[in-house]
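Here is the structure we will look at, set down as structure tokens.
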Number of protein chains: 2
Amino acid sequence: MEKWRRSERIPIITKYLLEKPNTLFTMSFFAEFFRAAKSSISEDVSIIKHAFQEFGFGRIETLAGAGGGVIFLPRVGASEKANFLKEIEEKLSDPSRILPGGFLYMTDVIFDTCTAQKVGEIFAEHFVRLAPQYIVTIETKGIPLAFMTAKFLNIPLVIVRDGGRVTEGYSVNFNYVTGSSRNIRTMSLARRSLPQGSKVIIIDDFMKAGGTAKGMIDLLGEFEADVLGIGVLIDTEFPEQKLVSNYYSLLKLSKVDEQKKEVILYPHNI
Amino acid sequence: MEKWRRSERIPIITKYLLEKPNTLFTMSFFAEFFRAAKSSISEDVSIIKHAFQEFGFGRIETLAGAGGGVIFLPRVGASEKANFLKEIEEKLSDPSRILPGGFLYMTDVIFDTCTAQKVGEIFAEHFVRLAPQYIVTIETKGIPLAFMTAKFLNIPLVIVRDGGRVTEGYSVNFNYVTGSSRNIRTMSLARRSLPQGSKVIIIDDFMKAGGTAKGMIDLLGEFEADVLGIGVLIDTEFPEQKLVSNYYSLLKLSKVDEQKKEVILYPHNI
């Protein structure tokens, strides 16, 4: 007789899969873990897979054969995604968020762990097929979103430091011009933090003209990195012409009117 | 007949609980969700609870009565914690991590999502009984650890900005002296990011003399915050006398010797 009943194995297998998304677990791993037959484990997995499918909760894939096993991939259903973005739209449209200079206060939203988790899941789902090796962001506000994206892809996070204050040995410093305010800033990345020739995705919270993203791409060029894609939570309607092409954005900020106390933003059709 | 079988409900309930730790779900919520009897849900929950208990995977608590339900609380077993800290010790003891000036390169370790997750789980387990309302950290390197702690406690993260570059409306700026190098720095926190009189826990990656933590406590005083505790991944053996008392640290860094190329650190008895 098997030591653990199916209903006891299932929550444990579920926990393993959810805790390490985008990671292959072999059926033998679970079979040994539970001292159960591989066929029993396979059946457990197919029940979990079916349930997740029915409820639109992530994607569980089973790979047959010698290198086979089971893997959990992030997936946010279309209606869940729409509701989530609608919710962010509503929160951020609050005119009391308008800051002097026409900026929008959004730190509380992007530092909210549930929001960051969902955004990370959406980015991970979008970029997983490109098989990136690293997520790259620049301090500070993009970090929670980038971190959760890295977590759902189960790859490391690399943080570009702003201002050249890096204390991590040899680093590459790069002066860049912010696209919107035309300020000159310095960003830097420690040499040892990213191997040469890595495949990366850039994640950030906000894109106006794209100067920061462009700067990161140039900096990453020094590491011979292959930038597979860029994901931002919000981009702005103006300037229409960004300094980078081809980025994936979840919401478009159309207008922040300090006089009329009006914020207009809306979800992209993604 | 109930629409979903037990073995199908269990992975879904498990996902709900794991995704929102420290959050109460009523039995009615799941009963309505699955169109099942509350007694069936209660039984599902007790199976999950039992399995988690057996494997030492977090703590599932059920609360009886009108306000009752089920809640998942982070818990890292003693041997899992010991193994995990041993692993970090081994990684960080690598002499190739020694940077000029006797610093230790540890960014890759603390930005590793699995490490940050486990550290967050350990901190959350330790501090949950104090019922904090916010996790506070200072940019940049503590963010992943603080973020995961906040996630496991299901409370918001607040990030103190370093250098007074905050663009978030009214902010409180505070000049502080770093305890070890005696530099004067400025930290700032946006007024609207933390309500007056909040109960907070400070999380950071590293403590040498405690000047940064002391600065944060002083800054938080301006918000009339109640600092319930401080958690750091690593503290140093010297200076023995820190500027703050009463903090929870996971590892002690005893020595970084540039000449002998030697790093000595060890886990605290926690």
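Every chain in the structure tokens takes a letter, A first, then B, and so on in the order presented; its residues are numbered from 1, and the ligands are numbered from 1 following the presented order.
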Give me, as a VMD selection string, the residues of chain A touching chain B, with the criterion being at most 8 Å (counting only C-alpha atoms).
chain A and resid 6 to 12 14 to 15 18 47 to 48 50 to 52 99 to 100 105 107 to 108 111 to 114 139 to 140 143 to 144 147 150 to 151 154 to 158 168 to 169 193
Near-B:Phe29 list (12 Å; only C-alpha atoms; drop same-chain fewer than 2 positions) as a list in words
Ile13, Tyr16, Leu24, Phe25, Thr26, Met27, Ala31, Glu32, Phe33, Phe34, Arg35, Ala36, Ala37, Lys38, Ile41, Ser42, Gly68, Gly69 and Val70 of chain B
Output the selection as a PDB file, in the first residue's frame - C-alpha atoms for each residue.
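Okay, this is what ended up in out_2.pdb:
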ATOM      1  CA  ILE B  13      -7.821  25.536  -2.643  1.00  0.00           C
ATOM      2  CA  TYR B  16      -5.649  30.147  -3.277  1.00  0.00           C
ATOM      3  CA  LEU B  24      -8.368  34.505   5.862  1.00  0.00           C
ATOM      4  CA  PHE B  25     -10.592  32.656   3.405  1.00  0.00           C
ATOM      5  CA  THR B  26     -14.009  31.678   4.718  1.00  0.00           C
ATOM      6  CA  MET B  27     -15.306  28.169   4.145  1.00  0.00           C
ATOM      7  CA  ALA B  31     -18.293  26.410  -0.814  1.00  0.00           C
ATOM      8  CA  GLU B  32     -19.821  28.983  -3.180  1.00  0.00           C
ATOM      9  CA  PHE B  33     -16.864  28.848  -5.522  1.00  0.00           C
ATOM     10  CA  PHE B  34     -17.191  25.088  -5.982  1.00  0.00           C
ATOM     11  CA  ARG B  35     -20.931  24.891  -5.331  1.00  0.00           C
ATOM     12  CA  ALA B  36     -20.137  22.323  -2.677  1.00  0.00           C
ATOM     13  CA  ALA B  37     -21.265  21.721   0.887  1.00  0.00           C
ATOM     14  CA  LYS B  38     -19.329  23.550   3.578  1.00  0.00           C
ATOM     15  CA  ILE B  41     -14.772  22.039   1.997  1.00  0.00           C
ATOM     16  CA  SER B  42     -13.901  21.667   5.684  1.00  0.00           C
ATOM     17  CA  GLY B  68     -13.940  31.569  10.838  1.00  0.00           C
ATOM     18  CA  GLY B  69     -12.147  30.148   7.866  1.00  0.00           C
ATOM     19  CA  VAL B  70      -8.744  29.025   6.777  1.00  0.00           C
TER      20      VAL B  70
END
If you run DSSP over the backbone, which residues in stretch 187-221 of chain B end up strand (DSSP E or B)? Put them as a PyMOL selection string.
chain B and resi 187-190+199-207
Have a look at atom CA of A:Val45 and atom CA of A:Lys3 and let me know their distance in Å, one decimal.
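Taking atom CA of A:Val45 as the start and atom CA of A:Lys3 as the end point, the length is 17.5 Å.
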Need the shell around stretch 255-269 of chain A: protein/DNA/RNA residues with any atom at most 12 Å away, counting only C-alpha atoms. Skip same-chain ones fewer than 4 positions apart. Format as a count of residues only?
39
Atom CA of A:Met187 to atom CA of A:Gly229, straight-line distance in Å
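According to the coordinates, atom CA of A:Gly229 and atom CA of A:Met187 are separated by 19.6 Å.
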Within 10 Å of stretch 210-226 of chain B, counting only C-alpha atoms, which residues qualify if same-chain residues fewer than 3 places away don't, as a VMD selection string?
chain B and resid 132 to 134 136 to 138 160 172 to 183 185 to 189 191 194 to 204 206 to 207 229 to 232 235 to 236 239 241 to 245 247
Between atom CA of A:Phe30 and atom CA of A:Ala66 - distance in Å to one decimal
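These atoms are spaced 15.1 Å apart.
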Skip B:Arg59 itself and residues of its chain fewer than 2 positions away, then list as JSON, numbers by chain all residues within 9 Å of it, counting only C-alpha atoms.
{"B": [49, 52, 53, 56, 57, 61, 71, 72, 73, 74, 75]}
